[in-house]
$ cat my_file02.cif   # mmCIF, C-alpha atoms
data_query
#
loop_
_atom_site.label_atom_id
_atom_site.label_comp_id
_atom_site.auth_asym_id
_atom_site.auth_seq_id
_atom_site.Cartn_x
_atom_site.Cartn_y
_atom_site.Cartn_z
CA MET A 1 125.20 62.98 109.25
CA SER A 2 127.71 65.76 109.65
CA ARG A 3 126.97 68.82 111.69
CA ASP A 4 127.03 70.96 108.57
CA GLY A 5 124.58 68.57 106.97
CA ASP A 6 122.34 68.93 110.00
CA LYS A 7 122.50 72.69 109.76
CA GLU A 8 121.59 72.59 106.12
CA ARG A 9 118.66 70.29 106.75
CA PHE A 10 117.52 72.43 109.65
CA ARG A 11 117.41 75.41 107.33
CA THR A 12 115.38 73.51 104.76
CA VAL A 13 113.06 71.57 107.04
CA VAL A 14 112.49 73.78 110.09
CA VAL A 15 113.23 77.42 109.31
CA PRO A 16 110.58 77.78 106.57
CA HIS A 17 107.93 76.86 109.13
CA LEU A 18 109.02 79.28 111.83
CA ALA A 19 105.94 81.47 111.41
CA ASP A 20 103.67 78.44 111.81
CA ALA A 21 105.65 77.31 114.84
CA TYR A 22 105.34 80.74 116.43
CA ALA A 23 101.60 80.97 115.73
CA LEU A 24 100.90 77.56 117.28
CA ALA A 25 103.06 78.33 120.32
CA ARG A 26 101.35 81.67 120.71
CA TRP A 27 97.88 80.14 120.86
CA LEU A 28 98.93 77.24 123.06
CA THR A 29 100.71 79.44 125.62
CA GLY A 30 98.30 82.34 125.29
CA ASN A 31 100.96 85.00 124.99
CA ARG A 32 103.76 86.08 122.74
CA ALA A 33 106.64 86.17 125.19
CA ASP A 34 106.04 82.57 126.28
CA ALA A 35 105.64 81.59 122.64
CA GLU A 36 109.15 82.86 121.89
CA ASP A 37 110.58 80.69 124.66
CA VAL A 38 108.66 77.67 123.45
CA VAL A 39 109.68 78.11 119.80
CA GLN A 40 113.30 78.51 120.76
CA ASP A 41 113.17 75.32 122.84
CA ALA A 42 111.33 73.52 120.04
CA CYS A 43 113.89 74.60 117.44
CA LEU A 44 116.67 73.29 119.63
CA ARG A 45 114.88 69.95 119.90
CA ALA A 46 114.21 69.90 116.18
CA PHE A 47 117.84 70.64 115.46
CA ARG A 48 118.95 67.71 117.62
CA ALA A 49 116.41 65.40 115.99
CA ILE A 50 116.88 66.58 112.41
CA GLY A 51 119.04 63.62 111.43
CA GLY A 52 116.09 61.34 112.13
CA PHE A 53 113.56 63.29 110.08
CA ALA A 54 112.56 61.11 107.14
CA GLY A 55 108.98 62.17 106.58
CA VAL A 56 107.47 64.12 103.77
CA ASN A 57 105.49 66.66 105.74
CA ALA A 58 108.04 68.99 107.28
CA ARG A 59 105.43 71.37 108.61
CA ALA A 60 103.53 68.65 110.48
CA TRP A 61 106.82 67.39 111.91
CA VAL A 62 107.80 70.85 113.14
CA LEU A 63 104.35 71.54 114.59
CA THR A 64 104.37 68.19 116.40
CA ILE A 65 107.60 69.18 118.12
CA VAL A 66 106.29 72.65 118.92
CA ARG A 67 103.14 71.22 120.44
CA HIS A 68 105.06 68.74 122.56
CA THR A 69 107.50 71.42 123.68
CA ALA A 70 104.68 73.83 124.49
CA TYR A 71 102.93 71.36 126.80
CA THR A 72 106.17 70.42 128.52
CA TRP A 73 106.99 74.09 128.94
CA LEU A 74 103.51 74.94 130.26
CA GLY A 75 103.63 72.01 132.68
CA LYS A 76 106.84 73.40 134.11
CA ASN A 77 106.11 77.12 134.02
CA ARG A 78 102.34 77.56 133.88
CA PRO A 79 100.79 74.42 135.36
CA ALA A 80 97.47 76.17 135.93
CA CYS A 81 96.95 76.49 132.15
CA LEU A 82 96.75 72.77 131.59
CA ILE A 83 93.74 70.56 131.94
CA PRO A 84 94.76 66.93 132.37
CA VAL A 85 94.00 64.86 129.31
CA GLU A 86 91.77 62.49 131.31
CA ASP A 87 89.37 65.34 132.04
CA VAL A 88 89.02 66.07 128.37
CA SER A 89 88.39 62.41 127.58
CA ALA A 90 85.77 62.22 130.30
CA LEU A 91 84.10 65.30 128.89
CA GLU A 92 84.11 63.85 125.40
CA GLU A 93 82.76 60.49 126.54
CA GLU A 94 80.02 62.17 128.49
CA GLN A 95 78.98 64.07 125.40
CA ALA A 96 79.21 61.03 123.19
CA ARG A 97 76.87 59.16 125.53
CA HIS A 98 74.28 61.88 125.44
CA GLY A 99 74.68 62.25 121.75
CA THR A 100 74.32 66.00 121.77
CA MET A 101 76.56 68.97 121.62
CA PRO A 102 75.40 70.90 124.62
CA ASP A 103 76.78 74.22 123.58
CA ALA A 104 73.58 75.99 122.70
CA PRO A 105 72.57 78.76 122.24
CA THR A 106 73.51 78.94 118.60
CA PRO A 107 73.75 82.56 117.57
CA GLU A 108 72.82 84.30 114.39
CA THR A 109 75.69 84.78 112.00
CA ALA A 110 75.19 88.55 112.16
CA LEU A 111 76.12 88.41 115.83
CA LEU A 112 79.29 86.51 115.08
CA ALA A 113 80.34 89.02 112.48
CA LYS A 114 80.25 91.84 115.02
CA ALA A 115 82.74 90.36 117.48
CA ASP A 116 86.02 92.24 117.72
CA ALA A 117 89.54 90.79 117.84
CA ALA A 118 89.84 90.99 121.63
CA ARG A 119 86.56 89.13 122.10
CA LEU A 120 87.53 86.43 119.64
CA GLU A 121 90.97 86.05 121.18
CA ALA A 122 89.54 85.74 124.68
CA ALA A 123 87.00 83.15 123.57
CA LEU A 124 89.69 81.15 121.82
CA LEU A 125 92.00 81.22 124.84
CA ALA A 126 89.12 80.14 127.07
CA LEU A 127 88.81 76.84 125.18
CA ALA A 128 90.37 73.76 126.79
CA PRO A 129 93.79 73.13 125.18
CA ALA A 130 92.64 69.99 123.33
CA PHE A 131 89.88 71.94 121.59
CA ARG A 132 91.93 75.10 121.14
CA GLU A 133 94.84 73.34 119.45
CA THR A 134 92.51 71.53 117.07
CA PHE A 135 90.76 74.76 116.11
CA VAL A 136 94.03 76.69 115.70
CA LEU A 137 95.65 73.99 113.57
CA ARG A 138 92.60 73.95 111.31
CA GLU A 139 91.39 77.55 111.07
CA ILE A 140 94.57 79.52 111.66
CA GLN A 141 97.18 77.17 110.26
CA GLY A 142 95.10 75.42 107.61
CA LEU A 143 96.06 71.80 108.32
CA ASP A 144 93.74 69.08 107.08
CA TYR A 145 92.18 66.52 109.41
CA ARG A 146 94.82 63.89 108.81
CA GLU A 147 97.64 66.31 109.52
CA ILE A 148 95.92 67.50 112.68
CA ALA A 149 95.49 63.87 113.75
CA THR A 150 99.23 63.37 113.23
CA VAL A 151 100.26 66.49 115.11
CA THR A 152 97.92 65.97 118.05
CA ALA A 153 98.29 62.17 118.14
CA VAL A 154 94.58 61.32 118.09
CA PRO A 155 92.35 59.52 115.56
CA VAL A 156 90.74 61.53 112.76
CA GLY A 157 87.31 60.96 114.32
CA THR A 158 88.46 62.71 117.48
CA VAL A 159 89.78 65.60 115.40
CA MET A 160 86.34 65.93 113.80
CA SER A 161 84.42 65.97 117.05
CA ARG A 162 86.90 68.27 118.81
CA LEU A 163 86.81 70.72 115.94
CA ALA A 164 83.02 70.82 115.86
CA ARG A 165 82.92 71.28 119.62
CA ALA A 166 85.54 74.01 119.58
CA ARG A 167 83.55 75.90 116.96
CA ARG A 168 80.30 75.57 118.83
CA GLN A 169 81.88 76.73 122.07
CA LEU A 170 83.24 79.74 120.23
CA PHE A 171 79.81 80.50 118.72
CA ALA A 172 78.28 80.36 122.18
CA ALA A 173 80.99 82.39 123.92
CA ILE A 174 80.88 85.12 121.30
CA ALA A 175 77.07 85.25 121.28
CA GLN A 176 76.97 85.60 125.06
CA ASP A 177 79.34 88.52 125.19
CA THR A 178 78.34 90.43 122.11
CA PRO A 179 75.54 92.89 122.75
CA MET B 1 76.24 50.82 109.31
CA THR B 2 72.51 50.28 109.38
CA GLU B 3 71.55 52.91 111.95
CA PRO B 4 70.15 56.14 110.59
CA PRO B 5 72.62 59.00 111.02
CA ARG B 6 72.25 60.93 114.26
CA ALA B 7 71.81 64.67 114.24
CA ASP B 8 75.37 65.03 115.57
CA ASP B 9 76.81 63.08 112.70
CA SER B 10 75.03 65.33 110.24
CA LEU B 11 76.57 68.36 111.89
CA LEU B 12 80.02 66.79 111.85
CA LEU B 13 79.56 66.10 108.16
CA VAL B 14 78.69 69.76 107.54
CA HIS B 15 81.93 70.74 109.28
CA ALA B 16 83.91 68.16 107.31
CA TYR B 17 82.25 69.41 104.12
CA LEU B 18 83.27 73.00 104.82
CA ASP B 19 86.79 71.84 105.65
CA GLY B 20 87.08 70.22 102.22
CA GLU B 21 87.41 66.76 103.74
CA LEU B 22 84.65 65.00 101.80
CA ASP B 23 84.98 63.33 98.44
CA ALA B 24 82.79 64.57 95.60
CA ALA B 25 79.98 62.06 96.14
CA ARG B 26 79.66 62.72 99.86
CA ALA B 27 80.03 66.47 99.36
CA LEU B 28 77.12 66.39 96.93
CA GLU B 29 75.04 64.47 99.45
CA VAL B 30 75.80 67.03 102.18
CA GLU B 31 75.00 69.91 99.82
CA ARG B 32 71.59 68.36 99.15
CA ARG B 33 70.90 67.95 102.84
CA ILE B 34 71.97 71.50 103.61
CA ALA B 35 69.55 72.71 100.96
CA SER B 36 66.66 70.86 102.55
CA GLU B 37 67.44 71.16 106.27
CA PRO B 38 67.52 74.68 107.75
CA ALA B 39 69.40 73.52 110.86
CA LEU B 40 72.29 72.32 108.71
CA ALA B 41 72.21 75.48 106.61
CA ALA B 42 72.43 77.55 109.81
CA GLU B 43 75.40 75.51 110.97
CA ARG B 44 77.10 76.08 107.64
CA ASP B 45 76.53 79.83 107.93
CA ARG B 46 77.92 79.93 111.46
CA VAL B 47 81.06 78.00 110.55
CA ALA B 48 81.59 80.28 107.55
CA ALA B 49 81.01 83.40 109.66
CA LEU B 50 83.48 82.20 112.30
CA ARG B 51 86.02 81.46 109.60
CA ARG B 52 85.63 84.96 108.16
CA LEU B 53 85.95 86.40 111.65
CA VAL B 54 89.20 84.54 112.32
CA HIS B 55 90.51 85.55 108.92
CA GLU B 56 89.72 89.24 109.45
CA ARG B 57 90.44 89.68 113.14
CA LEU B 58 93.42 87.40 113.64
CA PRO B 59 95.75 88.03 110.71
CA PRO B 60 99.03 86.07 110.71
CA GLU B 61 101.77 87.66 112.78
CA ALA B 62 105.36 88.03 111.73
CA VAL B 63 107.93 86.08 113.72
CA PRO B 64 109.60 88.54 116.12
CA ALA B 65 112.98 89.57 114.73
CA GLY B 66 114.77 88.60 117.93
CA LEU B 67 113.38 85.07 117.79
CA ALA B 68 114.24 84.67 114.12
CA ALA B 69 117.79 85.79 114.88
CA ARG B 70 118.15 83.32 117.78
CA VAL B 71 116.93 80.46 115.61
CA GLU B 72 119.24 81.62 112.86
CA ARG B 73 122.19 81.26 115.25
CA LEU B 74 121.37 77.58 115.70
CA ALA B 75 122.31 76.98 112.09
CA PRO B 76 124.39 79.82 110.75
CA LEU B 77 125.13 79.93 107.06
CA ARG B 78 128.34 78.08 106.43
CA ARG B 79 131.35 79.92 105.14
CA GLU B 80 132.78 76.67 103.89
CA SER B 81 129.90 76.09 101.49
CA SER B 82 131.61 78.05 98.75
CA TRP B 83 134.67 75.85 99.26
CA ARG B 84 132.59 72.76 98.90
CA ALA B 85 131.01 74.09 95.71
CA LEU B 86 134.45 74.95 94.39
CA ALA B 87 135.72 71.47 95.21
CA ALA B 88 132.74 69.96 93.45
CA SER B 89 133.28 72.02 90.32
CA VAL B 90 136.97 71.11 90.30
CA ALA B 91 136.00 67.45 90.52
CA LEU B 92 133.48 67.91 87.72
CA ALA B 93 136.03 69.70 85.56
CA ALA B 94 138.36 66.77 86.12
CA VAL B 95 135.68 64.34 84.97
CA LEU B 96 134.90 66.45 81.91
CA GLY B 97 138.57 66.95 81.20
CA SER B 98 139.04 63.22 81.11
CA GLY B 99 136.21 63.10 78.59
CA VAL B 100 134.55 60.29 80.49
CA THR B 101 130.92 61.03 80.35
CA TRP B 102 128.41 63.56 79.32
CA PHE B 103 125.78 61.94 81.47
CA ALA B 104 127.60 62.83 84.66
CA LEU B 105 127.09 66.46 83.79
CA ARG B 106 123.45 65.89 83.00
CA ALA B 107 122.83 64.05 86.24
CA ASP B 108 124.61 66.74 88.11
CA GLN B 109 122.58 69.44 86.44
CA THR B 110 119.36 67.66 87.32
CA ASP B 111 120.38 67.62 90.97
CA ALA B 112 121.25 71.29 90.79
CA VAL B 113 117.94 72.12 89.15
CA ALA B 114 116.06 70.05 91.75
CA ASP B 115 117.83 71.94 94.54
CA GLN B 116 116.97 75.28 93.00
CA VAL B 117 113.37 74.29 92.40
CA VAL B 118 113.03 73.31 96.06
CA ALA B 119 114.83 76.46 97.17
CA SER B 120 112.49 78.67 95.13
CA HIS B 121 109.50 76.86 96.57
CA ILE B 122 110.74 77.36 100.13
CA ARG B 123 111.30 81.04 99.49
CA ALA B 124 107.78 81.23 98.06
CA LEU B 125 106.34 79.64 101.20
CA MET B 126 108.20 82.03 103.46
CA VAL B 127 108.00 85.32 101.65
CA GLN B 128 105.67 85.52 98.71
CA ALA B 129 104.19 82.68 96.75
CA THR B 130 103.24 84.64 93.66
CA ASP B 131 104.20 87.74 91.70
CA VAL B 132 100.83 87.73 89.99
CA ASN B 133 98.01 86.60 92.18
CA SER B 134 94.95 85.35 90.32
CA SER B 135 92.92 82.21 89.93
CA ASP B 136 92.11 83.23 86.37
CA ARG B 137 94.47 81.73 83.82
CA HIS B 138 93.56 84.51 81.39
CA THR B 139 95.17 86.90 83.85
CA VAL B 140 98.14 84.76 84.79
CA LYS B 141 99.31 83.77 81.32
CA PRO B 142 99.46 87.27 79.81
CA TRP B 143 101.37 88.48 82.87
CA PHE B 144 104.34 86.39 81.73
CA ASN B 145 104.28 87.93 78.26
CA GLY B 146 106.89 90.61 77.99
CA ARG B 147 108.72 89.35 81.05
CA ILE B 148 110.09 86.09 79.70
CA PRO B 149 110.40 84.80 76.16
CA GLN B 150 107.71 82.16 76.38
CA ALA B 151 104.60 82.25 78.54
CA PRO B 152 103.91 78.86 80.11
CA ARG B 153 100.96 76.61 79.45
CA VAL B 154 98.33 77.52 82.05
CA VAL B 155 95.38 75.22 82.65
CA ASP B 156 92.40 75.37 84.96
CA LEU B 157 92.45 72.43 87.38
CA THR B 158 89.86 73.72 89.83
CA HIS B 159 87.56 70.78 89.21
CA GLU B 160 90.38 68.35 89.83
CA GLY B 161 90.89 69.95 93.24
CA PHE B 162 93.89 72.09 92.32
CA PRO B 163 92.79 75.72 91.98
CA LEU B 164 95.25 78.14 90.42
CA VAL B 165 96.75 80.64 92.85
CA GLY B 166 98.94 82.65 90.50
CA GLY B 167 102.38 82.75 88.97
CA ARG B 168 105.86 84.02 89.58
CA ILE B 169 109.25 84.10 87.96
CA ASP B 170 111.99 81.92 89.43
CA VAL B 171 115.61 81.93 88.41
CA ILE B 172 117.10 78.50 87.77
CA GLY B 173 120.78 78.64 87.00
CA ARG B 174 120.75 82.10 85.50
CA THR B 175 117.62 81.61 83.47
CA PRO B 176 114.35 83.30 84.48
CA VAL B 177 111.63 80.69 84.17
CA PRO B 178 107.86 80.78 84.63
CA THR B 179 106.44 79.14 87.74
CA LEU B 180 102.75 78.50 88.25
CA VAL B 181 101.35 78.13 91.73
CA TYR B 182 98.44 75.82 92.38
CA ARG B 183 96.83 74.87 95.66
CA HIS B 184 95.49 71.62 97.05
CA ARG B 185 93.70 72.17 100.33
CA GLN B 186 96.21 74.36 102.14
CA HIS B 187 99.26 73.01 100.36
CA LEU B 188 100.89 75.07 97.67
CA ILE B 189 102.35 73.45 94.59
CA SER B 190 105.01 75.23 92.58
CA LEU B 191 105.13 74.13 88.96
CA VAL B 192 108.36 75.27 87.37
CA ALA B 193 108.86 75.09 83.60
CA VAL B 194 112.48 74.87 82.49
CA PRO B 195 114.05 74.16 79.10
CA ALA B 196 114.18 70.38 78.74
CA THR B 197 117.34 68.33 78.66
CA ALA B 198 117.73 64.73 77.62
CA GLU B 199 116.60 62.92 80.73
CA PRO B 200 114.19 60.21 81.71
CA PRO B 201 110.68 61.44 80.93
CA TRP B 202 109.29 60.94 84.41
CA GLN B 203 110.86 60.85 87.79
CA HIS B 204 110.13 61.35 91.44
CA ARG B 205 112.30 62.39 94.23
CA ALA B 206 111.93 63.58 97.79
CA SER B 207 114.12 66.26 99.25
CA ASP B 208 114.04 67.32 102.90
CA GLY B 209 110.34 67.14 103.37
CA TYR B 210 109.31 68.14 99.86
CA ASN B 211 108.18 65.89 97.06
CA LEU B 212 109.19 66.54 93.49
CA VAL B 213 107.81 65.17 90.26
CA ARG B 214 109.46 65.92 86.97
CA TRP B 215 108.20 65.25 83.49
CA ARG B 216 108.87 66.41 79.98
CA ASP B 217 106.54 67.81 77.38
CA GLY B 218 108.28 68.59 74.10
CA ASP B 219 111.11 70.97 74.83
CA VAL B 220 109.87 71.90 78.29
CA ALA B 221 110.67 70.03 81.49
CA TYR B 222 108.14 70.54 84.25
CA TRP B 223 109.05 70.29 87.91
CA ALA B 224 106.25 70.13 90.45
CA VAL B 225 107.28 70.60 94.08
CA SER B 226 105.14 70.59 97.20
CA ASP B 227 104.84 69.27 100.71
CA LEU B 228 101.86 67.29 99.41
CA GLY B 229 102.17 63.51 99.60
CA ALA B 230 103.68 61.81 96.54
CA GLY B 231 100.30 60.35 95.55
CA ASP B 232 98.51 63.70 95.52
CA LEU B 233 101.39 65.34 93.69
CA ASP B 234 101.25 62.61 91.06
CA ARG B 235 97.56 63.20 90.69
CA PHE B 236 98.29 66.89 90.14
CA ALA B 237 100.94 66.08 87.53
CA GLN B 238 98.58 63.74 85.69
CA ALA B 239 95.78 66.31 85.80
CA PHE B 240 98.08 69.01 84.40
CA ARG B 241 99.41 66.74 81.64
CA THR B 242 96.01 65.56 80.52
CA ALA B 243 94.14 68.86 80.83
CA PRO B 244 93.00 70.31 77.52
CA SER B 245 95.25 73.14 76.44
CA GLU B 246 94.09 76.69 76.78
CA GLN B 247 92.38 78.37 73.87
#

$ encode --input "my_file02.cif" --output "structure tokens"
Amino acid sequence: MSRDGDKERFRTVVVPHLADAYALARWLTGNRADAEDVVQDACLRAFRAIGGFAGVNARAWVLTIVRHTAYTWLGKNRPACLIPVEDVSALEEEQARHGTMPDAPTPETALLAKADAARLEAALLALAPAFRETFVLREIQGLDYREIATVTAVPVGTVMSRLARARRQLFAAIAQDTP
Amino acid sequence: MTEPPRADDSLLLVHAYLDGELDAARALEVERRIASEPALAAERDRVAALRRLVHERLPPEAVPAGLAARVERLAPLRRESSWRALAASVALAAVLGSGVTWFALRADQTDAVADQVVASHIRALMVQATDVNSSDRHTVKPWFNGRIPQAPRVVDLTHEGFPLVGGRIDVIGRTPVPTLVYRHRQHLISLVAVPATAEPPWQHRASDGYNLVRWRDGDVAYWAVSDLGAGDLDRFAQAFRTAPSEQ
């Protein structure tokens, strides 16, 4: 495809999803300045790969690239932010064996409603990346389970359990800190 | 599976239910269980409260202008595009001049309409999906009256899984046309009604990550566009076509 054709496709496929890309990068990196770097890198990658895009879900495609770019970027610039994937798997297996979600206490909904933005943001950023990304893709970006499975490259069952765990950790964190 | 469901699985199902991931039969089953099991009802309330919290405390942020500008520079608008359009119209004029075929024009118009339908949908996703924002067809339909000659057919497809979001006016060619916006999960569907031309009654196409379905009903051609999968978009089109007309 010609370079002009690539540019045109980039404008149709990638640019409309810039806000989604920025939001995901922001929650994965934990701050806005890093998110700008990540999105710019991701857009460059997307631009180079645009000729190969043949899918139907442009947003999922863009978010997949953003996610990949974000983790590469964090590994290089903020290695302390990343928990190796094996640790997450071990954690999940452990919980699967015990068959419980050990994130009690489970607060009253009234308590949840009182939390302010800073509290919620801190609780969200305290989640392990695998849980945080699942929660963000679902509750902030509105992807369905299958799309989340595509973007994060895990089975739908894993999306379900990660999402439930992310929510329960957030309940617990917010309940602990809210007077 | 013969094992009875574990407590964990029930909780996961409540989450899946609230995420709109269950089919009608399973959703009904979960609703029954929520009604009879306080622990599940409490989980439902917590998930809903957390969702409200996220919605209220973490509103979407605009892309920083500097970032948008840097991305823009990756793919600047082409000056030569007007030349290409001019070349195309010269070629078309040559075809017409030679009196070869009327269908070439039709086919070309369909492509142009498809492009504009997709373009309007993209703009709607980025800026503003609707000019009138209501899930009530009795609000949406009258809004079009007085703005364009003919208000579109508006049907309620909530039970088919496609709630109405609202309506807007798009401009296709130079004609203002009514566009209805429906939703399926988090995907928006733009349904554009344009004056029909003599074309195949039903067709699909995919364009840069968007699916389109086009069909004709009397003198109106409907274009549905979305990033939904082709199957779901077809289901929407069928639901719209077969829905009883408004009173």

$ interface_residues --input "my_file02.cif" --of "chain A" --to "chain B" --cutoff "8 Å" --atoms "all atoms listed in the file" --output "VMD selection string"
chain A and resid 4 7 to 13 15 to 19 22 to 23 36 40 43 to 44 47 54 to 58 99 to 101 107 to 109 112 to 113 115 to 117 120 139 to 140 142 to 145 160 to 161 164 167 171

$ resolve_selection --input "my_file02.cif" --expression "the PyMOL selection byres ((chain A and resi 45) around 12)" --output "list in words"
Phe10, Val14, Val38, Val39, Gln40, Asp41, Ala42, Cys43, Leu44, Ala46, Phe47, Arg48, Ala49, Ile50, Gly51, Gly52, Phe53, Trp61, Val62, Leu63, Thr64, Ile65, Val66, Arg67, His68, Thr69 and Ala70 of chain A; Val71 and Leu74 of chain B

$ atom_distance --input "my_file02.cif" --atom1 "atom CA of Ala80 of chain A" --atom2 "atom CA of Asn31 of chain A"
14.5 Å

$ atom_distance --input "my_file02.cif" --atom1 "atom CA of Val194 of chain B" --atom2 "atom CA of Val220 of chain B"
5.8 Å

$ atom_distance --input "my_file02.cif" --atom1 "atom CA of Asp111 of chain B" --atom2 "atom CA of Leu180 of chain B"
20.9 Å

$ residues_near_point --input "my_file02.cif" --point "(107.4, 80.8, 87.4)" --cutoff "10 Å" --atoms "all atoms listed in the file" --output "list in words"
Ser120, Thr130, Asp131, Val132, Phe144, Ile148, Ala151, Pro152, Gly166, Gly167, Arg168, Ile169, Asp170, Val171, Ile172, Pro176, Val177, Pro178, Thr179, Leu180, Val181, Ser190, Leu191, Val192, Ala193 and Val194 of chain B

$ resolve_selection --input "my_file02.cif" --expression "the PyMOL selection byres ((chain A and resi 169) around 9)" --output "list in words"
Asp103, Ala104, Ala123, Leu124, Leu127, Ala164, Arg165, Ala166, Arg167, Arg168, Leu170, Phe171, Ala172, Ala173 and Ile174 of chain A

$ build_atoms --input "my_file02.cif" --residues "segment 106-122 of chain A" --atoms "N, CA and C atoms" --output "PDB file, in the coordinates of the input"
ATOM      1  N   THR A 106      72.806  78.765 119.855  1.00  0.00           N
ATOM      2  CA  THR A 106      73.510  78.940 118.600  1.00  0.00           C
ATOM      3  C   THR A 106      73.105  80.280 118.003  1.00  0.00           C
ATOM      4  N   PRO A 107      74.062  81.182 117.935  1.00  0.00           N
ATOM      5  CA  PRO A 107      73.750  82.560 117.570  1.00  0.00           C
ATOM      6  C   PRO A 107      73.508  82.758 116.084  1.00  0.00           C
ATOM      7  N   GLU A 108      72.951  83.883 115.780  1.00  0.00           N
ATOM      8  CA  GLU A 108      72.820  84.300 114.390  1.00  0.00           C
ATOM      9  C   GLU A 108      74.206  84.656 113.854  1.00  0.00           C
ATOM     10  N   THR A 109      74.379  84.472 112.560  1.00  0.00           N
ATOM     11  CA  THR A 109      75.690  84.780 112.000  1.00  0.00           C
ATOM     12  C   THR A 109      76.001  86.270 112.094  1.00  0.00           C
ATOM     13  N   ALA A 110      74.964  87.107 112.069  1.00  0.00           N
ATOM     14  CA  ALA A 110      75.190  88.550 112.160  1.00  0.00           C
ATOM     15  C   ALA A 110      75.884  88.903 113.474  1.00  0.00           C
ATOM     16  N   LEU A 111      75.503  88.195 114.530  1.00  0.00           N
ATOM     17  CA  LEU A 111      76.120  88.410 115.830  1.00  0.00           C
ATOM     18  C   LEU A 111      77.607  88.062 115.803  1.00  0.00           C
ATOM     19  N   LEU A 112      77.891  86.935 115.176  1.00  0.00           N
ATOM     20  CA  LEU A 112      79.290  86.510 115.080  1.00  0.00           C
ATOM     21  C   LEU A 112      80.137  87.552 114.374  1.00  0.00           C
ATOM     22  N   ALA A 113      79.564  88.097 113.306  1.00  0.00           N
ATOM     23  CA  ALA A 113      80.340  89.020 112.480  1.00  0.00           C
ATOM     24  C   ALA A 113      80.731  90.285 113.242  1.00  0.00           C
ATOM     25  N   LYS A 114      79.989  90.581 114.314  1.00  0.00           N
ATOM     26  CA  LYS A 114      80.250  91.840 115.020  1.00  0.00           C
ATOM     27  C   LYS A 114      81.375  91.736 116.063  1.00  0.00           C
ATOM     28  N   ALA A 115      81.744  90.523 116.423  1.00  0.00           N
ATOM     29  CA  ALA A 115      82.740  90.360 117.480  1.00  0.00           C
ATOM     30  C   ALA A 115      84.071  90.998 117.091  1.00  0.00           C
ATOM     31  N   ASP A 116      84.728  91.633 118.050  1.00  0.00           N
ATOM     32  CA  ASP A 116      86.020  92.240 117.720  1.00  0.00           C
ATOM     33  C   ASP A 116      87.163  91.265 118.042  1.00  0.00           C
ATOM     34  N   ALA A 117      88.381  91.689 117.705  1.00  0.00           N
ATOM     35  CA  ALA A 117      89.540  90.790 117.840  1.00  0.00           C
ATOM     36  C   ALA A 117      89.745  90.361 119.289  1.00  0.00           C
ATOM     37  N   ALA A 118      89.587  91.305 120.221  1.00  0.00           N
ATOM     38  CA  ALA A 118      89.840  90.990 121.630  1.00  0.00           C
ATOM     39  C   ALA A 118      88.859  89.929 122.128  1.00  0.00           C
ATOM     40  N   ARG A 119      87.603  90.086 121.709  1.00  0.00           N
ATOM     41  CA  ARG A 119      86.560  89.130 122.100  1.00  0.00           C
ATOM     42  C   ARG A 119      86.868  87.721 121.551  1.00  0.00           C
ATOM     43  N   LEU A 120      87.230  87.708 120.286  1.00  0.00           N
ATOM     44  CA  LEU A 120      87.530  86.430 119.640  1.00  0.00           C
ATOM     45  C   LEU A 120      88.740  85.761 120.301  1.00  0.00           C
ATOM     46  N   GLU A 121      89.754  86.569 120.568  1.00  0.00           N
ATOM     47  CA  GLU A 121      90.970  86.050 121.180  1.00  0.00           C
ATOM     48  C   GLU A 121      90.675  85.476 122.565  1.00  0.00           C
ATOM     49  N   ALA A 122      89.874  86.210 123.341  1.00  0.00           N
ATOM     50  CA  ALA A 122      89.540  85.740 124.680  1.00  0.00           C
ATOM     51  C   ALA A 122      88.751  84.430 124.626  1.00  0.00           C
TER      52      ALA A 122
END
